[in-house]
Structures are given as C-alpha cells and as structure tokens.
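Coordinates as given in model-v4.cif (mmCIF, C-alpha atoms and all ligand atoms):
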data_final
loop_
_atom_site.label_atom_id
_atom_site.label_comp_id
_atom_site.auth_asym_id
_atom_site.auth_seq_id
_atom_site.Cartn_x
_atom_site.Cartn_y
_atom_site.Cartn_z
CA MET A 1 0.00 0.00 0.00
CA ALA A 2 1.47 3.39 -0.98
CA ILE A 3 1.34 6.39 1.32
CA ASN A 4 -0.96 9.26 0.40
CA HIS A 5 0.76 12.19 -1.25
CA LEU A 6 2.23 14.66 1.22
CA LYS A 7 0.57 17.93 1.93
CA ASP A 8 2.77 20.99 1.45
CA GLU A 9 5.24 20.89 4.32
CA SER A 10 7.47 23.77 5.25
CA ILE A 11 11.14 23.66 6.02
CA ASP A 12 12.83 26.62 7.67
CA LYS A 13 15.82 27.18 5.42
CA ARG A 14 17.29 29.82 7.74
CA SER A 15 17.17 27.59 10.81
CA PRO A 16 20.51 26.40 12.27
CA VAL A 17 18.96 22.90 12.22
CA PRO A 18 20.04 21.25 8.95
CA MET A 19 17.26 20.83 6.39
CA TYR A 20 17.67 17.08 6.16
CA TYR A 21 17.24 16.90 9.93
CA GLN A 22 13.99 18.89 9.78
CA ILE A 23 12.69 16.54 7.08
CA MET A 24 13.69 13.54 9.15
CA ARG A 25 11.68 14.83 12.09
CA GLN A 26 8.65 15.51 9.92
CA ILE A 27 8.71 12.01 8.44
CA LEU A 28 9.19 10.54 11.91
CA ASP A 29 6.23 12.50 13.21
CA LYS A 30 4.03 11.22 10.39
CA ILE A 31 5.05 7.66 11.24
CA GLN A 32 4.30 8.22 14.92
CA ARG A 33 0.89 9.68 14.09
CA GLY A 34 0.12 6.68 11.89
CA GLU A 35 -0.15 8.86 8.79
CA PHE A 36 2.67 6.78 7.32
CA ALA A 37 1.68 3.26 8.31
CA VAL A 38 4.00 0.32 9.01
CA ASP A 39 4.92 -1.52 5.80
CA SER A 40 3.66 1.26 3.52
CA ALA A 41 5.94 2.77 0.87
CA LEU A 42 7.44 6.22 1.32
CA PRO A 43 6.71 8.63 -1.56
CA PRO A 44 9.55 8.74 -4.12
CA GLU A 45 12.53 11.00 -3.35
CA GLN A 46 11.62 13.29 -6.21
CA GLU A 47 8.15 13.86 -4.83
CA LEU A 48 9.44 14.51 -1.32
CA ALA A 49 11.99 16.96 -2.71
CA LYS A 50 9.19 18.85 -4.44
CA THR A 51 7.01 18.83 -1.36
CA TYR A 52 9.73 20.16 0.94
CA LYS A 53 11.22 22.42 -1.77
CA VAL A 54 14.69 20.99 -1.31
CA SER A 55 17.13 19.00 -3.46
CA ARG A 56 16.86 15.23 -3.83
CA MET A 57 20.24 14.98 -2.10
CA THR A 58 18.76 16.57 1.04
CA VAL A 59 15.80 14.19 1.01
CA ARG A 60 18.13 11.25 0.46
CA GLN A 61 20.20 12.26 3.48
CA ALA A 62 17.07 12.33 5.66
CA ILE A 63 16.05 8.90 4.38
CA VAL A 64 19.51 7.40 4.92
CA GLU A 65 19.46 8.60 8.54
CA LEU A 66 16.02 7.08 9.11
CA VAL A 67 17.14 3.82 7.50
CA ASN A 68 20.21 3.77 9.77
CA GLU A 69 17.98 4.25 12.80
CA GLY A 70 15.78 1.35 11.67
CA ILE A 71 12.72 3.56 11.22
CA LEU A 72 12.64 3.10 7.45
CA LYS A 73 13.65 0.02 5.52
CA ARG A 74 14.93 -0.21 1.96
CA ARG A 75 13.80 -3.09 -0.22
CA LYS A 76 16.20 -3.49 -3.13
CA GLY A 77 14.67 -2.44 -6.43
CA ILE A 78 11.27 -1.79 -4.82
CA GLY A 79 11.58 1.30 -2.62
CA THR A 80 11.68 2.57 0.94
CA PHE A 81 9.10 1.40 3.47
CA VAL A 82 8.11 2.18 7.04
CA ALA A 83 9.78 -0.47 9.21
CA HIS A 84 8.12 -2.41 12.00
CA PRO A 85 8.75 -0.85 15.42
CA LYS A 86 11.84 -2.23 17.12
CA ILE A 87 11.62 -4.98 19.69
CA GLU A 88 11.95 -3.33 23.10
CA GLN A 89 13.87 -5.44 25.53
CA ALA A 90 14.47 -4.75 29.20
CA LEU A 91 18.01 -5.32 30.39
CA SER A 92 17.12 -5.84 34.02
CA ARG A 93 16.35 -9.58 34.03
CA LEU A 94 18.34 -12.67 33.10
CA THR A 95 16.14 -14.16 30.41
CA SER A 96 16.72 -16.40 27.40
CA PHE A 97 16.04 -15.52 23.80
CA THR A 98 13.19 -18.05 23.81
CA GLU A 99 11.58 -16.46 26.88
CA ASP A 100 11.96 -12.97 25.38
CA MET A 101 10.24 -13.97 22.16
CA THR A 102 7.50 -16.02 23.82
CA LEU A 103 6.67 -13.01 25.99
CA ARG A 104 6.02 -11.04 22.80
CA GLY A 105 3.88 -13.74 21.23
CA MET A 106 6.62 -14.53 18.71
CA LYS A 107 8.06 -17.93 17.87
CA ALA A 108 11.72 -18.29 18.83
CA GLY A 109 14.02 -20.29 16.60
CA ALA A 110 17.69 -21.22 16.38
CA ARG A 111 19.64 -22.23 13.30
CA VAL A 112 22.96 -23.84 14.20
CA ILE A 113 25.73 -22.55 11.93
CA SER A 114 28.55 -24.46 13.61
CA PHE A 115 29.13 -26.66 16.65
CA GLU A 116 32.71 -27.54 17.57
CA GLU A 117 34.79 -28.77 20.47
CA ILE A 118 37.63 -26.27 20.87
CA VAL A 119 40.19 -24.90 23.28
CA PRO A 120 38.81 -21.37 23.71
CA GLU A 121 40.89 -18.23 23.45
CA THR A 122 42.66 -17.18 26.65
CA SER A 123 40.22 -14.51 27.83
CA ILE A 124 37.19 -16.82 27.47
CA ARG A 125 39.07 -19.66 29.14
CA LYS A 126 39.87 -17.42 32.10
CA THR A 127 36.27 -16.23 32.29
CA LEU A 128 34.98 -19.79 32.37
CA GLY A 129 37.66 -20.85 34.85
CA LEU A 130 39.21 -23.35 32.40
CA GLY A 131 42.82 -24.58 32.45
CA ALA A 132 45.28 -24.34 29.52
CA GLY A 133 44.13 -27.47 27.65
CA ASP A 134 40.50 -27.56 28.83
CA LYS A 135 37.95 -27.95 26.07
CA ALA A 136 34.68 -26.16 25.47
CA PHE A 137 31.84 -26.42 23.00
CA GLU A 138 31.54 -23.42 20.75
CA CYS A 139 28.16 -23.09 19.11
CA VAL A 140 27.25 -20.39 16.60
CA ARG A 141 23.49 -19.89 16.19
CA VAL A 142 21.33 -17.48 14.26
CA ARG A 143 18.39 -16.62 16.47
CA LEU A 144 15.07 -16.24 14.72
CA ALA A 145 11.83 -14.51 15.70
CA ASP A 146 8.91 -15.76 13.63
CA GLY A 147 11.51 -16.98 11.13
CA GLU A 148 13.33 -13.62 10.82
CA PRO A 149 17.03 -13.49 11.84
CA MET A 150 17.45 -11.23 14.88
CA ALA A 151 20.80 -12.11 16.40
CA LEU A 152 23.95 -14.10 15.88
CA GLU A 153 25.16 -15.85 19.01
CA THR A 154 28.47 -17.54 19.71
CA THR A 155 28.07 -19.55 22.89
CA THR A 156 31.02 -21.18 24.68
CA LEU A 157 30.21 -23.89 27.21
CA PRO A 158 32.77 -25.94 29.21
CA VAL A 159 32.69 -29.57 28.01
CA SER A 160 33.06 -30.77 31.62
CA LEU A 161 29.68 -29.23 32.50
CA TYR A 162 27.78 -30.57 29.48
CA PRO A 163 29.68 -33.70 28.33
CA GLN A 164 26.85 -35.08 26.20
CA LEU A 165 25.89 -31.89 24.41
CA ALA A 166 25.40 -32.34 20.65
CA ARG A 167 24.69 -30.05 17.73
CA GLN A 168 21.09 -31.20 17.27
CA ASP A 169 20.31 -30.35 20.92
CA LEU A 170 20.59 -26.68 20.07
CA GLU A 171 18.74 -26.65 16.75
CA ASN A 172 15.50 -24.75 17.38
CA ARG A 173 15.81 -25.44 21.09
CA SER A 174 16.32 -23.26 24.12
CA LEU A 175 19.78 -23.62 25.62
CA TYR A 176 18.54 -22.47 29.03
CA ASP A 177 15.75 -25.07 29.03
CA LEU A 178 18.29 -27.72 28.10
CA LEU A 179 20.71 -26.66 30.84
CA ALA A 180 17.93 -26.83 33.44
CA GLU A 181 16.27 -30.04 32.27
CA ARG A 182 19.26 -32.11 31.25
CA CYS A 183 22.15 -30.78 33.30
CA GLY A 184 20.24 -29.47 36.33
CA ILE A 185 21.97 -26.11 35.92
CA ARG A 186 20.01 -23.19 37.30
CA LEU A 187 21.33 -19.83 36.20
CA ASP A 188 21.45 -17.23 38.92
CA TYR A 189 22.94 -14.04 37.52
CA ALA A 190 25.00 -12.72 34.62
CA MET A 191 27.31 -9.89 33.70
CA GLN A 192 26.58 -8.34 30.34
CA SER A 193 28.21 -5.59 28.33
CA ILE A 194 26.77 -3.82 25.31
CA GLU A 195 28.54 -1.78 22.63
CA PRO A 196 27.89 -0.67 19.06
CA THR A 197 29.47 -2.31 16.05
CA CYS A 198 28.95 -2.80 12.30
CA ALA A 199 28.13 -6.02 10.46
CA SER A 200 30.94 -7.74 8.57
CA SER A 201 29.88 -9.21 5.23
CA TYR A 202 29.68 -12.69 6.83
CA GLU A 203 27.52 -11.49 9.73
CA ALA A 204 25.42 -9.38 7.38
CA ALA A 205 24.60 -12.37 5.18
CA LEU A 206 23.49 -14.45 8.18
CA LEU A 207 21.42 -11.63 9.67
CA HIS A 208 19.88 -10.49 6.36
CA VAL A 209 21.18 -6.94 6.72
CA ALA A 210 23.53 -4.86 4.58
CA SER A 211 27.25 -5.19 5.13
CA GLY A 212 28.26 -2.42 7.56
CA ALA A 213 24.76 -2.20 9.10
CA PRO A 214 24.65 -1.19 12.77
CA LEU A 215 24.61 -4.03 15.29
CA LEU A 216 24.71 -4.24 19.08
CA LEU A 217 27.54 -6.36 20.34
CA MET A 218 26.92 -8.00 23.69
CA HIS A 219 29.01 -10.24 25.88
CA ARG A 220 27.28 -12.22 28.60
CA ILE A 221 28.83 -14.42 31.26
CA SER A 222 26.20 -16.35 33.17
CA TYR A 223 26.75 -17.89 36.60
CA ASN A 224 24.99 -20.67 38.46
CA GLN A 225 23.93 -20.56 42.10
CA GLU A 226 27.40 -21.74 43.15
CA THR A 227 28.85 -18.67 41.34
CA HIS A 228 30.53 -20.79 38.65
CA ALA A 229 30.58 -19.32 35.15
CA VAL A 230 28.53 -21.71 32.98
CA GLU A 231 28.35 -19.88 29.64
CA HIS A 232 30.15 -17.18 27.73
CA VAL A 233 28.09 -15.65 24.94
CA LYS A 234 29.01 -13.15 22.29
CA SER A 235 25.82 -11.87 20.68
CA LEU A 236 25.30 -9.57 17.74
CA TYR A 237 21.80 -8.12 17.74
CA ARG A 238 20.36 -6.26 14.77
CA GLY A 239 20.44 -2.52 15.46
CA ASP A 240 17.48 -1.96 13.14
CA ARG A 241 15.25 -4.39 15.06
CA TYR A 242 16.24 -3.93 18.70
CA LYS A 243 16.00 -1.30 21.36
CA PHE A 244 17.24 -2.06 24.89
CA MET A 245 15.49 -0.55 27.87
CA ILE A 246 16.99 0.03 31.31
CA GLU A 247 15.03 1.25 34.29
CA LEU A 248 16.94 3.82 36.31
CA ARG A 249 15.93 4.55 39.86
CA ARG A 250 17.08 7.55 41.77
CA LYS A 251 18.37 6.84 45.24
CA PRO A 252 16.24 8.64 47.86
CA SER A 253 19.39 10.24 49.28
CA LEU A 254 20.25 12.00 46.00
C1 LIG B 1 19.97 -14.69 25.02
C2 LIG B 1 21.31 -14.36 25.65
C3 LIG B 1 22.31 -15.46 25.50
C4 LIG B 1 21.73 -16.80 25.91
C5 LIG B 1 20.45 -17.07 25.14
C6 LIG B 1 19.77 -18.37 25.54
C7 LIG B 1 21.52 -11.91 25.28
C8 LIG B 1 22.37 -10.83 24.82
N1 LIG B 1 21.94 -13.16 25.13
O1 LIG B 1 20.01 -14.57 23.64
O2 LIG B 1 23.41 -15.16 26.33
O3 LIG B 1 22.65 -17.85 25.69
O4 LIG B 1 19.55 -16.02 25.38
O5 LIG B 1 18.59 -18.46 24.81
O6 LIG B 1 20.47 -11.65 25.77
P1 LIG B 1 17.84 -19.82 24.56
O7 LIG B 1 17.58 -20.47 25.88
O8 LIG B 1 16.60 -19.45 23.82
O9 LIG B 1 18.75 -20.69 23.70
#

So that I can check it, write out the structure of this file as structure tokens.
Ligand code: 16G
Amino acid sequence: MAINHLKDESIDKRSPVPMYYQIMRQILDKIQRGEFAVDSALPPEQELAKTYKVSRMTVRQAIVELVNEGILKRRKGIGTFVAHPKIEQALSRLTSFTEDMTLRGMKAGARVISFEEIVPETSIRKTLGLGAGDKAFECVRVRLADGEPMALETTTLPVSLYPQLARQDLENRSLYDLLAERCGIRLDYAMQSIEPTCASSYEAALLHVASGAPLLLMHRISYNQETHAVEHVKSLYRGDRYKFMIELRRKPSL
C-alpha cells in the first residue's frame, strides 16, 4: 500500500537545524501519528523533494538517517518502506532468547551454523575458569523470531559441565531449558556488556542486513547458584530491530 501524497510541508531554510534533519523529524512524526503506516511505501525521493522544496540529495540524506535508525527500511529495487517498530527489551532480568520472544507472542528459533569442540581463546578460558588445555563447545546460532534473523550468538560452554551436548540439541531449542532439564543447571545471575558495532559481510549475510549495518555487540557471562561461570556468549543483535530498555531509579538520598 502506498502512502498518500504529502501535503505541502514547510522547512525553515534559515534555521541552524540542517534541512535534512527537519525533514527527518517531519517524516518521523508522520510515522508516529500513523499517517505513514508500518509496511507502507514512502513517496519517491523526487516527490518529497518537491514537497519540501529541497534537493533530492537533502531528502536522500534524511532517508539514509532514518534507514540507519531502523525507522525506514529499503527493499532493493522496490523502494523505501516504514519499518516495524523495534523490539523493546528490558536489560534488568536474566532471560533467554526463547523467553523474550515467547513473551512477545513470537516464535523463537535457532539455526545452528557451527558446533565444535575447541580450546577457547585465553580470555574466554579465564572467564569460564578453564585450564590451559581444557575444552569447550563453541556453538554459533542465528536466532530467529517468527523466522526472521534477529541475532547471531556464539556460545562457549565448558565440556566438563555438558559432556553429552550435541549439535542437534541446540537446533531450534532453548539452551537455558536444556541446561535446566538435562544438566540441572540453574542460572542465577549474569554480567553483560553492550557496545555498538557494524556487520561484517559474513555477519550481514546471516542476519539479512547490509554489510556495515549497525549491530549491538553484547558479551554475557552467566553464573549458576554456586557462582561458577557456565556460559560465555558473544551476541550480535540487529540494530534496526532492537532497542534495549533500562530502568533507572534515583536513590532517595540523592
Ligand atoms: C539470550 C542471551 C544469550 C543466551 C540465550 C539463551 C543476550 C544478549 N543473550 O540470547 O546469552 O545464551 O539467550 O537463549 O540476551 P535460549 O535459551 O533461547 O537458547
């Protein structure tokens, strides 16, 4: 469904706010008001340029910014569309991907890309409390929500904790369910970092995004009730599909 033609919109050319930025905000506002509906096509650049009385270059810059923020989505050879709102995820609880998706009424999936027994790199070995020659399983999975790739996870698990773990155990299965049911491991807490990064061409192909697209890189180390590290996970979440929420409370004394 195409979006109705824009009404004449005005841009303040003398404002210190760049023109492309003003256009961005106007488009964003239309999306928020539902005037530009999810999945509908944005009017062509030429038409927007005419409406805002600016060059196509300026319009393009506004669109690129909105694409980078995940608000608009380009479909090759078809056009630019209003993207689905990002998945909002709280960072205050230790949950699994499966639990997060189920909570949203989405179906969680996992496609195993590789499953190997390795001697992990030094920093991961130290984190997991492994000795020099100690082995771990390294499993790379693409995590899917209703069949759409959302994240790429590299999970490292000490072999001694999960001796019988096999590749097929992790195909479309929840690791946390498996750890609880089969190994009796109850996770207690985790330390997690989050930082921005860009998709390499390999990661981009697996996540169905453009090479160089923004991603959120996370490292999680999860501990059991005996404070032993039981998993190290490096996750790459799609920046165009995810938004992380943190609740901040002010201390009464402040
Ligand atoms: C989440 C965790 C990941 C964990 C996985 C287990 C982040 C950044 N990562 O994706 O560390 O291994 O859940 O999910 O949140 P599962 O039980 O569905 O396999």

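Minimum atom-to-atom distances from A:Leu157, A:Leu42, A:Ala210, A:Leu178 to Arg125 in chain A were compared using only C-alpha atoms, and the lowest value belongs to A:Leu157.
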
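In this comparison, which uses all atoms listed in the file, the residue of A:Leu207, A:Ile185, A:Leu72, A:Leu91 approaching Arg220 in chain A most closely is A:Leu91.
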
Could you please extract the residues within 6 Å of ligand LIG 1 (chain B), counting only C-alpha atoms and all ligand atoms, and hand them back as a PyMOL selection string? chain A and resi 96-98+174-177+218+220+233+235

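Taking only C-alpha atoms, the non-local environment of Ala110 in chain A within 10 Å (same-chain residues fewer than 4 positions away omitted) comprises Phe97, Thr98, Val140, Arg141, Val142, Arg143, Leu144, Ala145, Gly147, Pro149, Ala151, Leu152, Glu153, Leu170, Glu171, Asn172, Arg173, Ser174 and Leu175 of chain A.
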
Could you write those residues out with C-alpha atoms, as a PDB file, keeping the file's coordinate frame?
ATOM      1  CA  PHE A  97      16.040 -15.520  23.800  1.00  0.00           C
ATOM      2  CA  THR A  98      13.190 -18.050  23.810  1.00  0.00           C
ATOM      3  CA  VAL A 140      27.250 -20.390  16.600  1.00  0.00           C
ATOM      4  CA  ARG A 141      23.490 -19.890  16.190  1.00  0.00           C
ATOM      5  CA  VAL A 142      21.330 -17.480  14.260  1.00  0.00           C
ATOM      6  CA  ARG A 143      18.390 -16.620  16.470  1.00  0.00           C
ATOM      7  CA  LEU A 144      15.070 -16.240  14.720  1.00  0.00           C
ATOM      8  CA  ALA A 145      11.830 -14.510  15.700  1.00  0.00           C
ATOM      9  CA  GLY A 147      11.510 -16.980  11.130  1.00  0.00           C
ATOM     10  CA  PRO A 149      17.030 -13.490  11.840  1.00  0.00           C
ATOM     11  CA  ALA A 151      20.800 -12.110  16.400  1.00  0.00           C
ATOM     12  CA  LEU A 152      23.950 -14.100  15.880  1.00  0.00           C
ATOM     13  CA  GLU A 153      25.160 -15.850  19.010  1.00  0.00           C
ATOM     14  CA  LEU A 170      20.590 -26.680  20.070  1.00  0.00           C
ATOM     15  CA  GLU A 171      18.740 -26.650  16.750  1.00  0.00           C
ATOM     16  CA  ASN A 172      15.500 -24.750  17.380  1.00  0.00           C
ATOM     17  CA  ARG A 173      15.810 -25.440  21.090  1.00  0.00           C
ATOM     18  CA  SER A 174      16.320 -23.260  24.120  1.00  0.00           C
ATOM     19  CA  LEU A 175      19.780 -23.620  25.620  1.00  0.00           C
TER      20      LEU A 175
END

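The closest residue to Thr154 in chain A, picked from A:Gly109, A:Tyr202, A:Gln168, A:Lys234 and counting only C-alpha atoms, is A:Lys234.
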
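Counting only C-alpha atoms and comparing A:Gln192, A:Met150, A:Asp39, A:His219, the residue that lies closest to Ala204 in chain A is A:Met150.
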
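Closest approach to Arg60 in chain A among A:Val17, A:Ile23, A:Val82, A:Ala132: A:Ile23, based on only C-alpha atoms.
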
Could you jot down the CA of Gln22 in chain A to CA of Glu69 in chain A separation for me, Å, one decimal place? 15.5 Å

Between CA of Glu231 in chain A and CA of Glu88 in chain A, distance in Å (one decimal): 24.2 Å

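For the pair CA of Leu28 in chain A and CA of Glu148 in chain A, the separation is 24.5 Å.
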
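Each of A:Pro16, A:Val112, A:Tyr21, A:Gln61 was compared to Ala166 in chain A using only C-alpha atoms, and A:Val112 turns out to be the nearest.
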